[in-house]
Every structure is written in structure tokens, then in C-alpha cells.
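Undergrad: File input_27.txt below, compact mmCIF, C-alpha atoms:
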# COMPACT_ATOMS: atom_id res chain seq x y z
CA MET A 1 121.71 106.99 93.09
CA GLN A 2 121.89 105.35 89.69
CA ILE A 3 118.61 105.51 87.83
CA LYS A 4 117.98 102.97 85.10
CA ARG A 5 115.66 103.07 82.15
CA GLU A 6 111.90 102.82 82.38
CA ARG A 7 110.71 99.32 83.19
CA LYS A 8 107.25 98.52 81.87
CA GLU A 9 106.55 95.06 83.24
CA MET A 10 106.03 96.19 86.86
CA GLU A 11 102.45 97.17 87.66
CA ILE A 12 101.34 99.77 90.17
CA PRO A 13 99.35 98.08 93.00
CA VAL A 14 95.56 98.33 92.73
CA ILE A 15 93.52 98.33 95.95
CA ASP A 16 89.86 97.32 95.67
CA PHE A 17 87.94 99.25 98.32
CA ALA A 18 84.87 97.08 97.74
CA GLU A 19 86.79 94.25 99.44
CA LEU A 20 87.33 96.16 102.69
CA ASP A 21 83.96 94.89 103.90
CA GLY A 22 83.80 91.13 104.07
CA LYS A 23 86.01 88.06 104.03
CA LYS A 24 88.74 89.66 101.91
CA ARG A 25 89.34 92.59 104.25
CA SER A 26 92.52 91.26 105.85
CA ASN A 27 94.03 90.50 102.45
CA THR A 28 93.10 93.97 101.14
CA MET A 29 94.60 95.63 104.22
CA ALA A 30 97.80 93.64 103.67
CA GLN A 31 97.91 94.79 100.04
CA LEU A 32 97.51 98.41 101.14
CA HIS A 33 100.25 98.05 103.75
CA GLU A 34 102.66 96.53 101.24
CA ALA A 35 101.89 99.25 98.68
CA CYS A 36 102.64 101.98 101.23
CA GLU A 37 105.84 100.27 102.41
CA LYS A 38 107.33 99.17 99.11
CA TRP A 39 105.88 101.61 96.58
CA GLY A 40 104.61 104.77 98.24
CA CYS A 41 101.83 104.79 95.64
CA PHE A 42 98.85 102.74 94.49
CA GLN A 43 95.52 102.98 92.69
CA ILE A 44 92.07 102.70 94.28
CA LYS A 45 89.09 101.22 92.49
CA ASN A 46 85.51 100.97 93.77
CA HIS A 47 86.09 104.00 95.98
CA GLY A 48 82.41 104.94 95.96
CA ILE A 49 82.71 108.41 94.42
CA ASP A 50 80.08 109.21 91.80
CA GLU A 51 81.65 108.77 88.36
CA LYS A 52 79.33 111.39 86.85
CA LEU A 53 80.74 113.93 89.31
CA MET A 54 84.31 112.92 88.43
CA GLU A 55 83.60 113.19 84.71
CA LYS A 56 82.07 116.62 85.24
CA VAL A 57 85.15 117.80 87.15
CA LYS A 58 87.42 116.64 84.32
CA HIS A 59 85.19 118.26 81.70
CA LEU A 60 85.13 121.60 83.53
CA VAL A 61 88.92 121.61 83.99
CA ASN A 62 89.53 120.75 80.34
CA THR A 63 87.10 123.45 79.20
CA HIS A 64 88.72 126.03 81.47
CA TYR A 65 92.14 125.17 80.05
CA GLU A 66 91.00 125.36 76.43
CA GLU A 67 89.19 128.68 76.92
CA ASN A 68 91.54 130.48 79.29
CA LEU A 69 94.99 128.91 79.58
CA LYS A 70 96.01 127.05 76.43
CA GLN A 71 96.91 130.02 74.24
CA GLU A 72 98.56 131.75 77.17
CA PHE A 73 100.80 128.72 77.75
CA TYR A 74 101.98 128.42 74.14
CA GLU A 75 102.81 132.14 74.18
CA SER A 76 104.65 131.87 77.51
CA GLN A 77 108.38 132.06 78.16
CA VAL A 78 108.46 128.30 78.77
CA ALA A 79 107.30 127.56 75.22
CA LYS A 80 109.54 130.24 73.75
CA ARG A 81 112.60 128.95 75.59
CA LEU A 82 112.08 125.47 74.21
CA GLU A 83 111.81 126.88 70.69
CA ILE A 84 114.85 129.16 70.99
CA LYS A 85 117.23 127.20 73.19
CA GLY A 86 116.24 123.72 72.07
CA HIS A 87 116.56 122.39 75.61
CA THR A 88 115.12 123.43 78.96
CA SER A 89 116.21 121.52 82.05
CA ASP A 90 115.14 124.12 84.63
CA VAL A 91 111.46 124.57 83.76
CA ASP A 92 108.35 122.39 83.63
CA TRP A 93 106.14 121.93 80.56
CA GLU A 94 103.03 122.53 82.61
CA SER A 95 100.02 124.84 82.85
CA SER A 96 98.61 124.82 86.38
CA PHE A 97 96.95 126.71 89.19
CA PHE A 98 96.28 125.87 92.84
CA ILE A 99 92.95 125.89 94.66
CA TRP A 100 92.89 126.08 98.45
CA HIS A 101 89.87 124.42 100.10
CA ARG A 102 90.75 124.18 103.81
CA PRO A 103 91.05 126.00 106.08
CA VAL A 104 90.00 128.86 103.74
CA SER A 105 89.01 128.66 100.07
CA ASN A 106 90.61 130.91 97.46
CA MET A 107 88.38 129.92 94.52
CA GLU A 108 86.60 133.27 94.39
CA GLN A 109 89.96 134.99 93.87
CA ILE A 110 90.93 132.86 90.85
CA GLU A 111 90.14 134.52 87.54
CA ASN A 112 87.63 133.10 85.05
CA LEU A 113 86.27 130.30 87.22
CA PRO A 114 82.51 130.07 86.56
CA LYS A 115 80.06 129.34 89.37
CA ASP A 116 79.44 125.83 88.07
CA PHE A 117 83.17 125.09 88.25
CA CYS A 118 83.35 126.32 91.85
CA SER A 119 80.21 124.53 93.07
CA THR A 120 81.23 121.27 91.37
CA MET A 121 84.74 121.44 92.81
CA ASN A 122 83.33 122.13 96.28
CA GLU A 123 81.14 119.03 95.99
CA TYR A 124 84.06 116.96 94.68
CA ILE A 125 86.43 118.04 97.43
CA VAL A 126 84.06 116.86 100.16
CA HIS A 127 84.44 113.34 98.75
CA MET A 128 88.21 113.72 98.46
CA ILE A 129 88.54 114.71 102.11
CA LYS A 130 86.40 111.75 103.19
CA LEU A 131 88.53 109.41 101.07
CA ALA A 132 91.78 110.86 102.44
CA GLU A 133 90.57 110.44 106.01
CA LYS A 134 89.38 106.90 105.32
CA LEU A 135 92.81 106.12 103.89
CA SER A 136 94.61 107.74 106.81
CA GLY A 137 92.55 105.61 109.20
CA LEU A 138 93.40 102.43 107.31
CA MET A 139 97.09 103.37 107.29
CA CYS A 140 96.98 103.95 111.03
CA GLU A 141 95.33 100.58 111.56
CA ASN A 142 98.07 98.89 109.55
CA LEU A 143 100.76 100.74 111.51
CA GLY A 144 99.26 99.80 114.88
CA LEU A 145 98.27 103.39 115.68
CA GLU A 146 95.04 104.92 116.90
CA ARG A 147 92.73 105.30 113.90
CA ASP A 148 92.77 109.12 113.99
CA HIS A 149 96.49 109.52 114.65
CA ILE A 150 97.35 110.95 111.20
CA LYS A 151 94.27 113.19 111.12
CA ASP A 152 94.99 114.50 114.63
CA ALA A 153 98.69 115.02 113.86
CA PHE A 154 97.79 116.96 110.70
CA SER A 155 95.09 119.09 112.37
CA GLY A 156 97.02 121.80 114.20
CA THR A 157 94.56 124.43 115.44
CA LYS A 158 92.41 124.66 112.29
CA GLY A 159 92.28 121.14 110.90
CA PRO A 160 94.28 119.57 108.05
CA SER A 161 95.19 121.76 105.09
CA VAL A 162 93.54 120.71 101.82
CA GLY A 163 94.25 122.02 98.34
CA THR A 164 94.09 120.91 94.72
CA LYS A 165 96.68 121.43 92.02
CA VAL A 166 94.83 121.64 88.71
CA ALA A 167 97.24 120.96 85.85
CA LYS A 168 97.44 120.28 82.15
CA TYR A 169 100.64 119.01 80.59
CA PRO A 170 100.22 120.46 77.09
CA GLN A 171 101.06 118.61 73.91
CA CYS A 172 104.78 119.15 73.36
CA PRO A 173 106.51 119.31 69.96
CA ASN A 174 109.84 118.11 71.39
CA PRO A 175 109.16 116.01 74.50
CA GLU A 176 112.73 114.69 74.57
CA LEU A 177 113.96 118.20 75.44
CA VAL A 178 111.86 119.01 78.50
CA LYS A 179 110.01 117.36 81.39
CA GLY A 180 106.34 117.95 82.08
CA LEU A 181 107.30 118.08 85.75
CA ARG A 182 110.81 117.48 87.05
CA GLU A 183 111.47 114.64 89.49
CA HIS A 184 110.49 115.35 93.10
CA THR A 185 108.80 113.95 96.17
CA ASP A 186 105.65 115.56 97.53
CA ALA A 187 106.25 117.55 100.70
CA GLY A 188 102.75 116.98 102.05
CA GLY A 189 100.70 114.06 103.35
CA ILE A 190 98.26 112.04 101.24
CA ILE A 191 97.83 112.94 97.57
CA LEU A 192 94.72 111.85 95.65
CA LEU A 193 95.01 112.13 91.88
CA LEU A 194 92.24 112.15 89.31
CA GLN A 195 94.11 111.94 86.03
CA ASP A 196 93.74 111.58 82.30
CA ASP A 197 92.17 108.41 80.94
CA GLN A 198 94.01 108.60 77.61
CA VAL A 199 97.37 110.38 77.80
CA PRO A 200 100.19 108.88 79.94
CA GLY A 201 103.20 110.66 81.39
CA LEU A 202 103.36 110.08 85.16
CA GLN A 203 106.27 107.91 86.33
CA PHE A 204 107.38 106.74 89.78
CA LEU A 205 110.84 105.55 90.79
CA LYS A 206 111.02 102.06 92.29
CA ASP A 207 114.17 100.03 92.87
CA GLY A 208 116.16 102.41 90.68
CA GLU A 209 113.81 102.23 87.71
CA TRP A 210 111.12 104.55 86.41
CA ILE A 211 107.72 102.84 86.36
CA ALA A 212 105.08 104.30 84.05
CA VAL A 213 101.68 104.90 85.64
CA PRO A 214 98.99 104.07 83.06
CA PRO A 215 96.12 106.48 82.37
CA SER A 216 93.29 106.00 84.87
CA LYS A 217 90.51 103.94 83.35
CA ASN A 218 87.07 103.89 84.98
CA ASN A 219 87.98 106.89 87.16
CA THR A 220 90.30 105.04 89.52
CA ILE A 221 92.01 107.33 92.02
CA PHE A 222 95.81 107.28 92.08
CA VAL A 223 97.31 107.80 95.54
CA ASN A 224 100.81 108.58 96.71
CA THR A 225 102.13 109.26 100.18
CA GLY A 226 104.20 112.38 100.80
CA ASP A 227 107.12 113.34 103.01
CA GLN A 228 104.98 113.99 106.11
CA VAL A 229 103.57 110.45 106.07
CA GLU A 230 107.09 109.08 105.71
CA ILE A 231 108.16 111.13 108.74
CA LEU A 232 105.12 110.22 110.83
CA SER A 233 105.53 106.50 110.04
CA ASN A 234 109.23 106.70 110.94
CA GLY A 235 110.15 105.67 107.41
CA ARG A 236 107.81 102.68 107.20
CA TYR A 237 105.74 104.30 104.47
CA LYS A 238 107.59 105.79 101.53
CA SER A 239 107.47 109.17 99.85
CA ALA A 240 108.44 108.11 96.35
CA LEU A 241 110.30 110.16 93.77
CA HIS A 242 108.17 110.84 90.70
CA ARG A 243 108.04 112.93 87.54
CA VAL A 244 105.84 113.72 84.55
CA MET A 245 107.10 113.20 81.02
CA ALA A 246 106.08 115.62 78.28
CA GLU A 247 104.00 114.00 75.54
CA LYS A 248 103.89 114.61 71.80
CA ASN A 249 100.55 112.92 71.17
CA GLY A 250 98.23 114.76 73.51
CA SER A 251 97.73 116.95 76.58
CA ARG A 252 97.54 115.19 79.94
CA LEU A 253 95.04 116.15 82.64
CA SER A 254 96.01 116.04 86.32
CA ILE A 255 93.79 117.02 89.27
CA ALA A 256 95.78 116.32 92.44
CA THR A 257 94.20 116.91 95.85
CA PHE A 258 96.63 117.28 98.76
CA TYR A 259 95.57 116.31 102.28
CA ASN A 260 98.35 117.99 104.24
CA PRO A 261 99.28 119.02 107.78
CA ALA A 262 98.01 122.40 108.93
CA GLY A 263 100.51 125.23 108.80
CA ASP A 264 100.99 125.12 112.58
CA ALA A 265 101.06 121.32 112.88
CA ILE A 266 104.28 119.74 114.12
CA ILE A 267 104.97 116.40 112.48
CA SER A 268 107.24 113.82 114.09
CA PRO A 269 107.43 110.02 114.14
CA ALA A 270 104.58 108.38 116.04
CA PRO A 271 105.97 107.32 119.45
CA LYS A 272 104.77 103.73 118.93
CA LEU A 273 106.92 103.50 115.80
CA LEU A 274 110.14 104.72 117.40
CA TYR A 275 112.88 102.31 118.32
CA ARG A 276 113.05 101.46 122.02
CA ILE A 277 114.66 104.24 124.03
CA THR A 278 117.75 102.99 125.81
CA SER A 279 120.98 104.24 127.40
CA VAL A 280 124.63 103.45 126.89
CA SER A 281 124.80 101.68 130.26
CA LYS A 282 122.18 99.18 129.12
CA ILE A 283 124.16 98.06 126.08
CA THR A 284 127.69 98.01 127.50
What would you get if you wrote out this structure as C-alpha cells?

TA:
Amino acid sequence: MQIKRERKEMEIPVIDFAELDGKKRSNTMAQLHEACEKWGCFQIKNHGIDEKLMEKVKHLVNTHYEENLKQEFYESQVAKRLEIKGHTSDVDWESSFFIWHRPVSNMEQIENLPKDFCSTMNEYIVHMIKLAEKLSGLMCENLGLERDHIKDAFSGTKGPSVGTKVAKYPQCPNPELVKGLREHTDAGGIILLLQDDQVPGLQFLKDGEWIAVPPSKNNTIFVNTGDQVEILSNGRYKSALHRVMAEKNGSRLSIATFYNPAGDAIISPAPKLLYRITSVSKIT
């Protein structure tokens, strides 16, 4: 696959959830369907989540990074390798940790997380799960499936698996020499991203070109669909390749919540989306 340079004139689709109720619903559903089919990512505005809560989550994550992780990162082997070798293609310029929420939380085992951080994140994640399940229902409706098909497929015996990757992409002295996060697709299901409102860096591949995702103004939620949604939709909905560029002019915040299949869930294409089963005798 030949990848071209970044193309800035293409804009990531924006879905207005306020228009799901009323005369514009069919048009909004069509926009969502097209975004899932052609992009594998989109932004949601008017999602109904309290902006004060979202601002508090970002503040707590930034404070935790500054007080506990920043110095550690710049003293890490990643930073030293960039300084010594001058180029690092096999590491990510990233400081991150992972919080499990469902089926079992691990927050109490993570060092230096104050009670306010944990209680705020628990409140936030309830809204993220509701949003993910609302999205999964809308996707099912667009695909002609039962509304709970994705949720049921992801549930296994203990319900869908939910976790949050909390990351900072620190200010980098030589961003041309290293990626914040190397290109990849997400292995999971539906990813809901609360990101920086100032510092860019996230890019998605579309039609052979890297499209820059702008910083999220007004606490829009950025969404991308992962490999399991692509499988379940029989390829109708895309799991797009993406990456994070290192930045010289600031540190980027990323709080990505993953709504994934349970560990014992078996994901396969929805039967309604399979091609018609036939036999050789019927086509000869």
C-alpha cells in the first residue's frame, strides 16, 4: 500500500446527536452510516455528557501526569534512546497506563491515583458505556440488525469488556525522529476518545492519505471502530489505520475508552450480513 502525504482539506465527519430526535433523524443516521463505511471514524457533538465532568477528567489526568509521570518519562529509556541514537522507529513517544472498568476494575491497584481521580473516572465511565451502547444500537439499526446485536455479541458470560487508555504524548524535541504512537488499527470494538483541545497529533489513513484529526473543541467525542466491528459487520464498517505524531510545541492528552468484546466472546460476521449461502450445483 502506497501512503501519500498528509492531506489537510478533508474533514473528519461530525455527527450531531441532537438531531437524532426529530425531522433530521434519517439524515443524521445516513451520515453516521457513511462515516462508519467510508471512514471508520467520526466526531460526536451534543452527546449529552456534562462538560464540567469532562473538564474535570482532563484536569485530573493532566495533574497526575505532571506530578507522577512527566519526570519519569523524560528519564526513561525511550527519551534516552532518542537522544543517543537520533532515531527510534521501534518505540512510541508516549506516557500511558490502562484502567480496567468492566468486568473488574483495577484502579485501586494503580499507584498514586487519588480518591477524587477514581470516583470521577467511575462517574465518567458510566456515561461512556451508555454512549458506546447507544452508538452500537444505532450502528445495528443502520446495518439492519437487531438493536442489541453488537452488545449481545460482545457480552460473553460477563458482559462487554471496558477499559480506558490514559495517555500523554509529551513535548518532543525532535518530532521528526519518532512517532507518538506507530500506525495501527484497534483490535477492539468501539473506541471513544476525549482528547486535547489544543495540541494536535492524531491522524487517520483514508484513501491512501493521512488525515489530521483536529484538537477536540467544546469536548466533542472522537469515535473510531475497531477490528471486531469490522468483523461483525462483515467488512461494511471499517477499522481504520491511524497513528499519533510527536509534537514539538506541546504535550497532547488522550483519554480513550474501549468498549470491547468480553474475553470469552466469539465474534463472527452477523448472519444477516453474510452473502447468500449456495452450492456449486446451483451456479453451474

Undergrad: Considering only C-alpha atoms, state which residue in the set A:Leu113, A:Ala256, A:Tyr169, A:Leu192 is at the smallest distance from Phe222 of chain A.

TA: A:Leu192

Undergrad: At a cut-off of 10 Å, using only C-alpha atoms, what residues contact Pro271 of chain A? Leave out same-chain residues fewer than 3 positions from it and give the result as a list in words.

TA: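 Everything that qualifies: Leu145, Leu232, Ser233, Asn234, Ser268, Leu274, Tyr275 and Arg276 of chain A.
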
Undergrad: Please provide the set of residues having any atom within 12 Å of segment 9-17 of chain A, restricted to only C-alpha atoms, with same-chain residues fewer than 5 positions apart removed, written as a PyMOL selection string.

TA: chain A and resi 22+24-49+131+134-135+138+202-207+209-216+220-224

Undergrad: From the set A:Ser251, A:Thr88, A:Gln228, A:Asn218, which residue has the shortest atom-to-atom contact distance to Lys70 of chain A, counting all atoms listed in the file?

TA: A:Ser251

Undergrad: My list of candidates is A:Met54, A:Val162, A:Cys172, A:Ala18. Which is closest to Arg102 of chain A when distances are computed with only C-alpha atoms?

TA: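 Result for the nearest residue to Arg102 of chain A: A:Val162.
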
Undergrad: Pick the closest to Arg182 of chain A from A:Val104, A:Ile267, A:Cys140, A:Val91: which is it, counting only C-alpha atoms?

TA: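 Using only C-alpha atoms, the shortest distance to Arg182 of chain A belongs to A:Val91.
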
Undergrad: Excluding Gly226 of chain A and any residue of its chain fewer than 5 positions from it, enumerate the residues within 7 Å of it, using all atoms listed in the file, and give them as an MDAnalysis selection string.

TA: chainID A and resid 185:190 239

Undergrad: Could those selected residues go to a file with C-alpha atoms, as a PDB file, keeping the file's coordinate frame?

TA:
ATOM      1  CA  THR A 185     108.800 113.950  96.170  1.00  0.00           C
ATOM      2  CA  ASP A 186     105.650 115.560  97.530  1.00  0.00           C
ATOM      3  CA  ALA A 187     106.250 117.550 100.700  1.00  0.00           C
ATOM      4  CA  GLY A 188     102.750 116.980 102.050  1.00  0.00           C
ATOM      5  CA  GLY A 189     100.700 114.060 103.350  1.00  0.00           C
ATOM      6  CA  ILE A 190      98.260 112.040 101.240  1.00  0.00           C
ATOM      7  CA  SER A 239     107.470 109.170  99.850  1.00  0.00           C
TER       8      SER A 239
END

Undergrad: At a cut-off of 7 Å, using all atoms listed in the file, what residues contact Ile99 of chain A? Leave out same-chain residues fewer than 6 positions from it and give the result as an MDAnalysis selection string.

TA: chainID A and resid 106:107 163:165

Undergrad: Would you mind telling me which residue in A:Gly201, A:Gly144, A:Pro170, A:Gly137 lies nearest to Phe73 of chain A when using all atoms listed in the file?

TA: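 So, comparing all the options, the nearest one is A:Pro170.
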
Undergrad: Between A:Glu83, A:Glu247, A:Glu94, A:Glu123, which is the closest to Lys56 of chain A once you count all atoms listed in the file?

TA: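 Among the listed residues, A:Glu123 lies closest to Lys56 of chain A.
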
Undergrad: Calculate, to one decimal in Å, the centre and edge lengths of the box along x, y and z of the file that holds all listed atoms of segment 24-40 of chain A with 3 Å of margin on each side, and present them as lines of an AutoDock Vina configuration file.

TA:
center_x = 98.0
center_y = 97.2
center_z = 101.2
size_x = 24.6
size_y = 21.1
size_z = 15.3

Undergrad: By how many Å are atom CA of Tyr259 of chain A and atom CA of Ser161 of chain A apart?

TA: 6.1 Å

Undergrad: Expressed in Å to a single decimal, how great is the separation between atom CA of Pro160 of chain A and atom CA of Leu20 of chain A?

TA: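 Here the two named atoms are 25.0 Å from each other.
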
Undergrad: At what distance in Å, to one decimal, does atom CA of Arg243 of chain A lie from atom CA of Leu177 of chain A?

TA: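 Taking atom CA of Leu177 of chain A as the start and atom CA of Arg243 of chain A as the end point, the length is 14.5 Å.
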
Undergrad: Can you pull out the residues contacting Lys58 of chain A? Cut-off 12 Å, using only C-alpha atoms, and skip same-chain residues under 3 positions away; I want them as a list in words.

TA: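 Contacts, in chain order: Glu51, Lys52, Leu53, Met54, Glu55, Val61, Asn62, Thr63, His64, Tyr65, Phe117, Thr120, Met121, Tyr124, Val166, Ala167, Lys168, Leu193, Leu194, Gln195, Asp196, Asp197, Asn219, Arg252, Leu253, Ser254, Ile255 and Ala256 of chain A.
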